[in-house]
Amino acid sequence: MANQEDNFKKVISHAKEYGYVFQSSEIYDGLSAVYDYGQNGVELKKNIRDYWWKAMVQLNDNIVGIDAAIFMHPTTWKASGHIDAFNDPLIDNKDSKKRYRADVLIEDYVAKIDAKIEKEVKKAEKRFGDSFNKKKFLETNQRVVEYQEQGKSILSRMARSLEKEDLADVKALIEELDIACPMSGSKNWTDVKQFNLMFGTKLGASAENAMDLYLRPETAQGIFLNFLNVQKSGRMKIPFGIAQTGKAFRNEIVARQFIFRMREFEQMEMQFFIQPGTQKEWYEHWKENRMRWHLSLGMGEDNYRFHDHEKLAHYADAAADIEFRFPFGFKELEGIHSRTDFDLGSHEKFSGKKLQYFDHETNRNYVPYVLETSIGLDRMFLAVFSNSLQEEELENGTTRTVLKLPAVLSPVKAAILPLVKKDGLPEIAKEVIDDLKWDFNVTYDEKDAVGRRYRRQDANGTPFCITVDHQTKEDQTVTIRHRDSMEQERVSISDLRRIISDAVDMRNWLKKI
Ligand code: ATP
């Protein structure tokens with residue numbers, strides 16, 4: 001646990017030191033759970049967004065993008081259910097005065113049971129070696145079966161109580177499980193209350209005419225409200241999708257996990273409109289497709305898992321999360337939701353406008369069903385960044401800090417380094433930059449010995465260092481050093497563009513989907 005915390009602290013301080021993520025308003029002591037992206041962070045974030053957009057919009061001829069406004073007519077949030085049901089159950093500890101989400105306290109308790117199961121599996125794996133059958137072990141080992149049942153029964157009781165709005169039972173469950181405040185160890189809890197997560201604001205100049213508005217808590221509603229506009233203007237035929245990326249705002253109760261849970265964040269969502277009755281197959285299709293997108297980045301299959309929801313939101317008939325192994329354990333990275341006709345149906349009711357699709361083949365109108373994929377851009381940033389940050393022991397006994405970002409996402413693709421600051425080498429380096437900068441984000445560095453410059457670029461996540469030396473003047477060749485293997489090779493300047501492009505071109509990464 002201590003190790004996990006240390007690793008997470010390293011991630012946060014590295015993100016600051018290398019210009020990836022800063023606390024918002026830091027000189028005024030910061031604003032809680034709000035963050036700014038620095039010179040490298042903005043590039044990494046943009047590259048992740050582009051990687052998503054390319055895969056979801058440009059590579060699918062039946063998916064198009066939009067960019068809806070953050071402000072929306074307030075009735076939107078009545079129809080979507082956010083005014084009535086976008087609540088988190090919160091509980092305060094009377095001694096530490098810390099506020100928690102009651103469901104998260106219970107889920108964390110179950111995560112500890114899961115960790116015990118994982119420990120038993122590891123032990124058995126060691127004991128049985130190659131003949132170990134994990135599936136059978138999980139089904140037959142008595143202790144593990146008991147743990148699994150315990151976890152399941154806790155989660156389903158919580159789901160039932162939340163569903164029925166029986167908050168007294170949620171508190172009773174916390175007490176029965178003997179859950180203590182993680183900060184103080186105290187078990188002196190208040191009652192559980194509901195807390196609405198939307199930020200309110202006002203539109204209009206004078207107080208009497210002002211209209212109450214909300215900052216959107218998700219981007220999805222902008223897509224639903226534009227369903228007909230896009231369908232008609234784009235002559236879209238079902239099945240088709242509408243995607244968008246943009247800011248969303250939630251007044252999160254617990255926001256102590258860096259950019260994992262922010263009050264202002266960015267989402268990348270796609271709503272796929274389908275014929276009623278086909279939702280099961282599309283649900284499976286998008287679950288698989290989204291997992292393949294994640295795996296295409298090569299961050300390790302073991303770091304992802306699906307988590308099927310026990311408790312379904314008011315709009316869903318099936319839902320699963322793609323969870324990622326963050327520095328603090330497996331947590332939700334993306335949600336895939338089968339939303340039925342809830343959203344369009346509800347907006348029809350509240351607006352009095354028909355939001356239907358006319359199917360020319362069957363000659364009938366219907367309200368389409370919706371399959372949603374929804375991922376937090378900042379959470380994806382944290383997944384990529386934390387997974388890439390590594391301390392490596394080298395053969396000579398020293399260590400290096402290296403940010404092994406997937407090259408396609410790296411903010412800077414290559415650093416061009418003159419071996420020394422004289423003899424015309426900086427001029428040649430700048431010529432190389434002037435050519436490469438049309439295709440890639442590249443940088444120049446002439447300060448310090450070249451070994452130190454390599455380390456700096458390793459820590460920055462730059463996949464290539466290109467060194468211009470005296471031989472360059474003779475034969476137009478340079479040394480190219482690879483971040484991950486640290487191997488160096490001598491190549492011709494005219495080959496640089498191809499070499500970098502092979503490594504960073506989205507085509508070569510997304511082909512794996
Ligand atoms: P959680 O259970 O973690 O609060 P959620 O189930 O409410 O998340 P959704 O409403 O499904 O999340 O939002 C879709 C995605 O948006 C999430 O998978 C996550 O990646 C991202 N997201 C949601 N809330 C935040 C937040 N406060 N900060 C950063 N990203 C967020």
# chains A, B, ... in the order shown; residues from 1 in each chain; ligands from 1
>>> residues_around(residues="Val145 (chain A)", least_positions_apart="6", cutoff="12 Å", atoms="only C-alpha atoms", output="VMD selection string")
chain A and resid 113 to 114 116 to 117 120 to 121 135 to 139 151 to 152
>>> residues_near_ligand(ligand="ligand 1", cutoff="9 Å", atoms="only C-alpha atoms and all ligand atoms", output="short mmCIF file (atom, residue, chain, number, x, y, z; two decimals) with C-alpha atoms, in the first residue's frame")
data_model
loop_
_atom_site.label_atom_id
_atom_site.label_comp_id
_atom_site.auth_asym_id
_atom_site.auth_seq_id
_atom_site.Cartn_x
_atom_site.Cartn_y
_atom_site.Cartn_z
CA ALA A 33 -9.68 18.75 -8.09
CA ASP A 88 -24.02 10.46 -5.13
CA VAL A 104 -17.05 3.98 -2.79
CA PRO A 217 -22.21 17.01 -16.46
CA GLU A 218 -21.74 14.85 -19.58
CA ALA A 248 -17.94 18.22 -18.59
CA PHE A 249 -18.36 19.42 -15.00
CA ARG A 250 -19.25 17.56 -11.81
CA ASN A 251 -19.15 18.75 -8.25
CA GLU A 252 -17.47 15.54 -7.09
CA ALA A 255 -11.70 14.37 -5.31
CA ILE A 259 -6.70 13.81 -12.57
CA PHE A 260 -8.63 10.57 -11.99
CA ARG A 261 -11.57 12.44 -10.51
CA MET A 262 -11.80 16.11 -11.42
CA ARG A 263 -14.50 18.74 -11.11
CA GLU A 264 -13.83 19.96 -14.65
CA PHE A 265 -12.79 17.26 -17.09
CA GLU A 266 -13.06 16.18 -20.68
CA GLN A 267 -15.05 13.31 -22.11
CA MET A 268 -14.88 11.46 -25.41
CA GLU A 269 -18.29 9.97 -26.10
CA ASP A 321 -16.76 -0.65 -17.46
CA ILE A 322 -13.35 -1.15 -18.93
CA GLU A 323 -11.17 -0.95 -15.86
CA LYS A 331 -10.66 1.46 -11.53
CA GLU A 332 -13.10 2.54 -14.23
CA LEU A 333 -11.53 4.06 -17.32
CA GLU A 334 -14.41 3.79 -19.80
CA GLY A 335 -18.08 2.89 -19.71
CA ILE A 336 -20.09 1.03 -22.36
CA HIS A 337 -23.81 1.45 -21.84
CA THR A 373 -19.14 4.41 -25.32
CA SER A 374 -17.85 7.01 -22.86
CA ILE A 375 -14.27 7.57 -21.80
CA GLY A 376 -12.66 10.31 -19.74
CA LEU A 377 -9.80 11.91 -21.63
CA ASP A 378 -8.03 12.92 -18.43
CA ARG A 379 -8.43 9.43 -16.99
CA MET A 380 -6.97 7.99 -20.17
#
>>> residues_around(residues="Val21 (chain A)", least_positions_apart="2", cutoff="12 Å", atoms="only C-alpha atoms", output="PyMOL selection string")
chain A and resi 11-19+23-24+26+34-45+258-259+378+381-382+385
>>> write_last_selection(atoms="N, CA, C and O atoms", output="compact mmCIF listing (two decimals), in the first residue's frame")
# COMPACT_ATOMS: atom_id res chain seq x y z
N VAL A 11 4.30 9.79 -9.78
CA VAL A 11 3.59 10.12 -11.01
C VAL A 11 3.20 11.60 -10.99
O VAL A 11 3.42 12.35 -11.94
N ILE A 12 2.65 12.04 -9.86
CA ILE A 12 2.17 13.43 -9.76
C ILE A 12 3.34 14.41 -9.85
O ILE A 12 3.27 15.42 -10.56
N SER A 13 4.45 14.09 -9.17
CA SER A 13 5.54 15.07 -9.20
C SER A 13 6.26 15.05 -10.54
O SER A 13 6.71 16.10 -11.02
N HIS A 14 6.32 13.88 -11.18
CA HIS A 14 6.93 13.83 -12.52
C HIS A 14 6.09 14.64 -13.52
O HIS A 14 6.62 15.36 -14.37
N ALA A 15 4.77 14.51 -13.37
CA ALA A 15 3.87 15.24 -14.29
C ALA A 15 4.08 16.74 -14.16
O ALA A 15 4.02 17.48 -15.14
N LYS A 16 4.37 17.18 -12.95
CA LYS A 16 4.60 18.62 -12.75
C LYS A 16 6.00 19.01 -13.26
O LYS A 16 6.15 19.98 -14.02
N GLU A 17 6.99 18.23 -12.88
CA GLU A 17 8.38 18.59 -13.21
C GLU A 17 8.60 18.67 -14.72
O GLU A 17 9.38 19.49 -15.20
N TYR A 18 7.91 17.82 -15.46
CA TYR A 18 8.15 17.80 -16.92
C TYR A 18 7.08 18.53 -17.72
O TYR A 18 6.94 18.32 -18.92
N GLY A 19 6.30 19.38 -17.06
CA GLY A 19 5.37 20.24 -17.81
C GLY A 19 4.18 19.49 -18.37
O GLY A 19 3.67 19.82 -19.44
N GLN A 23 -1.30 21.86 -10.84
CA GLN A 23 -2.49 22.20 -10.05
C GLN A 23 -3.04 23.53 -10.55
O GLN A 23 -2.26 24.46 -10.78
N SER A 24 -4.36 23.63 -10.70
CA SER A 24 -4.93 24.92 -11.14
C SER A 24 -4.71 25.99 -10.07
O SER A 24 -4.77 25.70 -8.88
N GLU A 26 -2.22 27.52 -8.82
CA GLU A 26 -1.28 27.08 -7.79
C GLU A 26 -0.78 28.24 -6.92
O GLU A 26 -0.63 28.08 -5.72
N VAL A 34 -9.08 20.54 -9.63
CA VAL A 34 -9.04 21.21 -10.93
C VAL A 34 -7.58 21.30 -11.34
O VAL A 34 -6.73 21.63 -10.51
N TYR A 35 -7.30 20.96 -12.59
CA TYR A 35 -5.89 20.89 -13.03
C TYR A 35 -5.70 21.58 -14.37
O TYR A 35 -6.63 21.67 -15.18
N ASP A 36 -4.47 22.02 -14.61
CA ASP A 36 -4.09 22.63 -15.90
C ASP A 36 -3.07 21.71 -16.58
O ASP A 36 -2.26 21.08 -15.90
N TYR A 37 -3.12 21.69 -17.89
CA TYR A 37 -2.14 20.89 -18.64
C TYR A 37 -1.05 21.82 -19.15
O TYR A 37 -1.35 22.89 -19.71
N GLY A 38 0.19 21.42 -18.96
CA GLY A 38 1.33 22.24 -19.39
C GLY A 38 1.75 21.95 -20.82
O GLY A 38 1.02 21.30 -21.58
N GLN A 39 2.92 22.43 -21.16
CA GLN A 39 3.38 22.39 -22.56
C GLN A 39 3.48 20.96 -23.12
O GLN A 39 3.20 20.74 -24.30
N ASN A 40 3.83 20.00 -22.31
CA ASN A 40 3.85 18.62 -22.80
C ASN A 40 2.49 17.95 -22.63
O ASN A 40 2.06 17.16 -23.47
N GLY A 41 1.83 18.27 -21.52
CA GLY A 41 0.53 17.67 -21.25
C GLY A 41 -0.48 17.97 -22.34
O GLY A 41 -1.24 17.10 -22.77
N VAL A 42 -0.45 19.22 -22.83
CA VAL A 42 -1.44 19.60 -23.85
C VAL A 42 -1.24 18.78 -25.12
O VAL A 42 -2.20 18.40 -25.79
N GLU A 43 0.01 18.46 -25.42
CA GLU A 43 0.30 17.66 -26.62
C GLU A 43 -0.12 16.20 -26.41
O GLU A 43 -0.71 15.58 -27.29
N LEU A 44 0.19 15.66 -25.23
CA LEU A 44 -0.20 14.27 -24.97
C LEU A 44 -1.72 14.13 -24.99
O LEU A 44 -2.28 13.20 -25.59
N LYS A 45 -2.38 15.11 -24.38
CA LYS A 45 -3.84 15.07 -24.34
C LYS A 45 -4.42 15.15 -25.76
O LYS A 45 -5.34 14.41 -26.12
N PHE A 258 -5.89 13.09 -7.97
CA PHE A 258 -5.22 13.77 -9.07
C PHE A 258 -6.20 13.87 -10.23
O PHE A 258 -7.38 14.17 -10.00
N ILE A 259 -5.78 13.60 -11.45
CA ILE A 259 -6.70 13.81 -12.57
C ILE A 259 -7.64 12.63 -12.79
O ILE A 259 -8.35 12.59 -13.78
N ASP A 378 -9.05 12.72 -19.47
CA ASP A 378 -8.03 12.92 -18.43
C ASP A 378 -7.68 11.60 -17.75
O ASP A 378 -6.54 11.34 -17.39
N PHE A 381 -5.43 9.83 -19.96
CA PHE A 381 -4.12 10.48 -19.82
C PHE A 381 -3.40 9.87 -18.61
O PHE A 381 -2.22 9.50 -18.68
N LEU A 382 -4.12 9.77 -17.49
CA LEU A 382 -3.50 9.22 -16.28
C LEU A 382 -3.09 7.76 -16.48
O LEU A 382 -2.02 7.33 -16.03
N PHE A 385 0.01 7.83 -18.75
CA PHE A 385 1.16 8.46 -18.12
C PHE A 385 1.69 7.59 -16.97
O PHE A 385 2.90 7.35 -16.87
>>> residues_around(residues="Trp509 (chain A)", least_positions_apart="3", cutoff="12 Å", atoms="only C-alpha atoms", output="list in words")
Tyr51, Trp52, Lys54, Ala55, Arg292, Trp293, His294, Leu295, Ser296, Leu297, Gly298, Pro406, Ala407, Val408, Leu409, Ser501, Asp502, Ala503, Val504, Asp505, Met506, Lys512 and Ile513 of chain A
>>> write_last_selection(atoms="N, CA and C atoms", output="mmCIF file, in the first residue's frame")
data_model
loop_
_atom_site.group_PDB
_atom_site.id
_atom_site.type_symbol
_atom_site.label_atom_id
_atom_site.label_comp_id
_atom_site.auth_asym_id
_atom_site.auth_seq_id
_atom_site.Cartn_x
_atom_site.Cartn_y
_atom_site.Cartn_z
ATOM 1 N N TYR A 51 -6.193 10.186 -31.383
ATOM 2 C CA TYR A 51 -6.152 8.729 -31.556
ATOM 3 C C TYR A 51 -7.562 8.150 -31.429
ATOM 4 N N TRP A 52 -8.320 8.731 -30.517
ATOM 5 C CA TRP A 52 -9.710 8.306 -30.332
ATOM 6 C C TRP A 52 -10.559 8.739 -31.535
ATOM 7 N N LYS A 54 -9.689 9.518 -34.567
ATOM 8 C CA LYS A 54 -9.345 8.776 -35.792
ATOM 9 C C LYS A 54 -10.048 7.418 -35.784
ATOM 10 N N ALA A 55 -9.939 6.708 -34.650
ATOM 11 C CA ALA A 55 -10.499 5.353 -34.567
ATOM 12 C C ALA A 55 -12.020 5.369 -34.620
ATOM 13 N N ARG A 292 -10.239 -3.484 -27.886
ATOM 14 C CA ARG A 292 -9.157 -3.600 -28.871
ATOM 15 C C ARG A 292 -8.451 -2.260 -29.082
ATOM 16 N N TRP A 293 -9.211 -1.180 -29.020
ATOM 17 C CA TRP A 293 -8.600 0.161 -29.130
ATOM 18 C C TRP A 293 -7.576 0.346 -28.012
ATOM 19 N N HIS A 294 -7.974 -0.014 -26.803
ATOM 20 C CA HIS A 294 -7.037 0.132 -25.676
ATOM 21 C C HIS A 294 -5.803 -0.741 -25.892
ATOM 22 N N LEU A 295 -6.060 -1.998 -26.285
ATOM 23 C CA LEU A 295 -4.925 -2.933 -26.402
ATOM 24 C C LEU A 295 -3.971 -2.518 -27.521
ATOM 25 N N SER A 296 -4.475 -1.786 -28.526
ATOM 26 C CA SER A 296 -3.616 -1.388 -29.643
ATOM 27 C C SER A 296 -2.462 -0.507 -29.175
ATOM 28 N N LEU A 297 -2.600 0.095 -28.000
ATOM 29 C CA LEU A 297 -1.530 0.962 -27.506
ATOM 30 C C LEU A 297 -0.401 0.176 -26.839
ATOM 31 N N GLY A 298 -0.610 -1.129 -26.682
ATOM 32 C CA GLY A 298 0.472 -1.979 -26.173
ATOM 33 C C GLY A 298 0.822 -1.750 -24.712
ATOM 34 N N PRO A 406 3.547 5.283 -25.366
ATOM 35 C CA PRO A 406 3.415 4.751 -26.723
ATOM 36 C C PRO A 406 3.840 5.866 -27.693
ATOM 37 N N ALA A 407 4.767 5.560 -28.613
ATOM 38 C CA ALA A 407 5.380 6.622 -29.432
ATOM 39 C C ALA A 407 4.328 7.445 -30.174
ATOM 40 N N VAL A 408 3.218 6.808 -30.545
ATOM 41 C CA VAL A 408 2.183 7.526 -31.280
ATOM 42 C C VAL A 408 1.588 8.662 -30.437
ATOM 43 N N LEU A 409 1.690 8.552 -29.123
ATOM 44 C CA LEU A 409 1.099 9.563 -28.236
ATOM 45 C C LEU A 409 2.118 10.549 -27.683
ATOM 46 N N SER A 501 8.383 8.273 -38.820
ATOM 47 C CA SER A 501 7.012 8.048 -39.226
ATOM 48 C C SER A 501 6.584 6.597 -38.997
ATOM 49 N N ASP A 502 7.470 5.637 -39.293
ATOM 50 C CA ASP A 502 7.125 4.229 -39.048
ATOM 51 C C ASP A 502 6.744 4.008 -37.592
ATOM 52 N N ALA A 503 7.429 4.712 -36.718
ATOM 53 C CA ALA A 503 7.197 4.485 -35.284
ATOM 54 C C ALA A 503 5.987 5.244 -34.753
ATOM 55 N N VAL A 504 5.647 6.381 -35.341
ATOM 56 C CA VAL A 504 4.604 7.212 -34.718
ATOM 57 C C VAL A 504 3.320 7.338 -35.549
ATOM 58 N N ASP A 505 3.323 6.793 -36.745
ATOM 59 C CA ASP A 505 2.148 6.939 -37.605
ATOM 60 C C ASP A 505 0.968 6.138 -37.031
ATOM 61 N N MET A 506 -0.158 6.818 -36.841
ATOM 62 C CA MET A 506 -1.347 6.164 -36.286
ATOM 63 C C MET A 506 -1.747 4.921 -37.078
ATOM 64 N N LYS A 512 -3.890 -2.435 -35.652
ATOM 65 C CA LYS A 512 -3.997 -3.586 -34.746
ATOM 66 C C LYS A 512 -5.431 -3.789 -34.233
ATOM 67 N N ILE A 513 -6.282 -2.786 -34.404
ATOM 68 C CA ILE A 513 -7.665 -2.949 -33.894
ATOM 69 C C ILE A 513 -8.408 -4.025 -34.684
#
>>> residues_around(residues="Ile179 (chain A)", least_positions_apart="4", cutoff="9 Å", atoms="only C-alpha atoms", output="number ranges by chain")
A: 105-106, 109, 173-175, 185-187
>>> residues_around(residues="Leu225 (chain A)", least_positions_apart="6", cutoff="9 Å", atoms="only C-alpha atoms", output="PyMOL selection string")
chain A and resi 76+344+347+355
>>> write_last_selection(atoms="all heavy atoms", output="tab-separated table (two decimals), in the first residue's frame")
chain	number	residue	atom	x	y	z
A	76	THR	N	-33.26	20.14	-20.64
A	76	THR	CA	-32.43	18.98	-21.02
A	76	THR	C	-32.17	18.08	-19.81
A	76	THR	O	-32.26	16.87	-19.88
A	76	THR	CB	-31.05	19.47	-21.54
A	76	THR	OG1	-31.26	20.44	-22.55
A	76	THR	CG2	-30.20	18.33	-22.05
A	344	LEU	N	-33.79	9.55	-26.09
A	344	LEU	CA	-34.58	10.16	-27.16
A	344	LEU	C	-36.06	10.17	-26.76
A	344	LEU	O	-36.77	11.15	-26.99
A	344	LEU	CB	-34.37	9.41	-28.47
A	344	LEU	CG	-32.97	9.59	-29.10
A	344	LEU	CD1	-32.89	8.80	-30.41
A	344	LEU	CD2	-32.64	11.05	-29.36
A	347	HIS	N	-36.61	13.01	-24.26
A	347	HIS	CA	-36.57	14.34	-24.90
A	347	HIS	C	-37.79	14.57	-25.79
A	347	HIS	O	-38.24	15.70	-25.94
A	347	HIS	CB	-35.27	14.51	-25.71
A	347	HIS	CG	-34.06	14.69	-24.83
A	347	HIS	ND1	-33.98	15.67	-23.86
A	347	HIS	CD2	-32.89	14.00	-24.74
A	347	HIS	CE1	-32.81	15.57	-23.23
A	347	HIS	NE2	-32.14	14.57	-23.75
A	355	LEU	N	-38.68	12.60	-32.14
A	355	LEU	CA	-37.27	12.27	-32.35
A	355	LEU	C	-37.21	10.83	-32.86
A	355	LEU	O	-36.74	9.93	-32.16
A	355	LEU	CB	-36.47	12.44	-31.06
A	355	LEU	CG	-36.41	13.86	-30.50
A	355	LEU	CD1	-35.65	13.91	-29.20
A	355	LEU	CD2	-35.76	14.80	-31.52
>>> residues_around(residues="Gln4 (chain A)", least_positions_apart="2", cutoff="12 Å", atoms="only C-alpha atoms", output="list in words")
Met1, Ala2, Asp6, Asn7, Phe8, Lys9, Lys10, Val11, Arg325, Phe326, Pro327, Phe328, Gly329 and Ser386 of chain A
>>> select_by_dssp(residues="region 67-140 of chain A", states="alpha helix (DSSP H)", output="JSON, numbers by chain")
{"A": [75, 76, 77, 78, 79, 82, 83, 84, 85, 102, 103, 104, 105, 106, 107, 108, 109, 110, 111, 112, 113, 114, 115, 116, 117, 118, 119, 120, 121, 122, 123, 124, 125, 126, 127, 128, 134, 135, 136, 137, 138, 139, 140]}
>>> select_by_dssp(residues="region 94-257 of chain A", states="strand (DSSP E or B)", output="list of chain:residue names")
A:Arg99, A:Tyr100, A:Arg101, A:Trp189, A:Lys193, A:Gln194, A:Phe195, A:Asn196, A:Gly200, A:Thr201, A:Lys202, A:Leu203, A:Met211, A:Asp212, A:Leu213, A:Tyr214, A:Leu215, A:Phe240, A:Gly241, A:Ile242, A:Ala243, A:Gln244, A:Thr245, A:Gly246, A:Lys247, A:Ala248, A:Phe249
>>> closest_residue(among="A:Ile66, A:Leu405, A:Ile274, A:Ala102", to="Ala383 (chain A)", atoms="only C-alpha atoms")
A:Leu405
>>> atom_distance(atom1="CA of Glu431 (chain A)", atom2="CA of Lys46 (chain A)")
26.7 Å
>>> atom_distance(atom1="CA of Ala79 (chain A)", atom2="CA of Gln221 (chain A)")
9.8 Å
>>> atom_distance(atom1="CA of Leu510 (chain A)", atom2="CA of Arg290 (chain A)")
11.8 Å
>>> closest_residue(among="A:Gly424, A:Pro182, A:Gly241, A:Pro74", to="Asp92 (chain A)", atoms="only C-alpha atoms")
A:Pro182
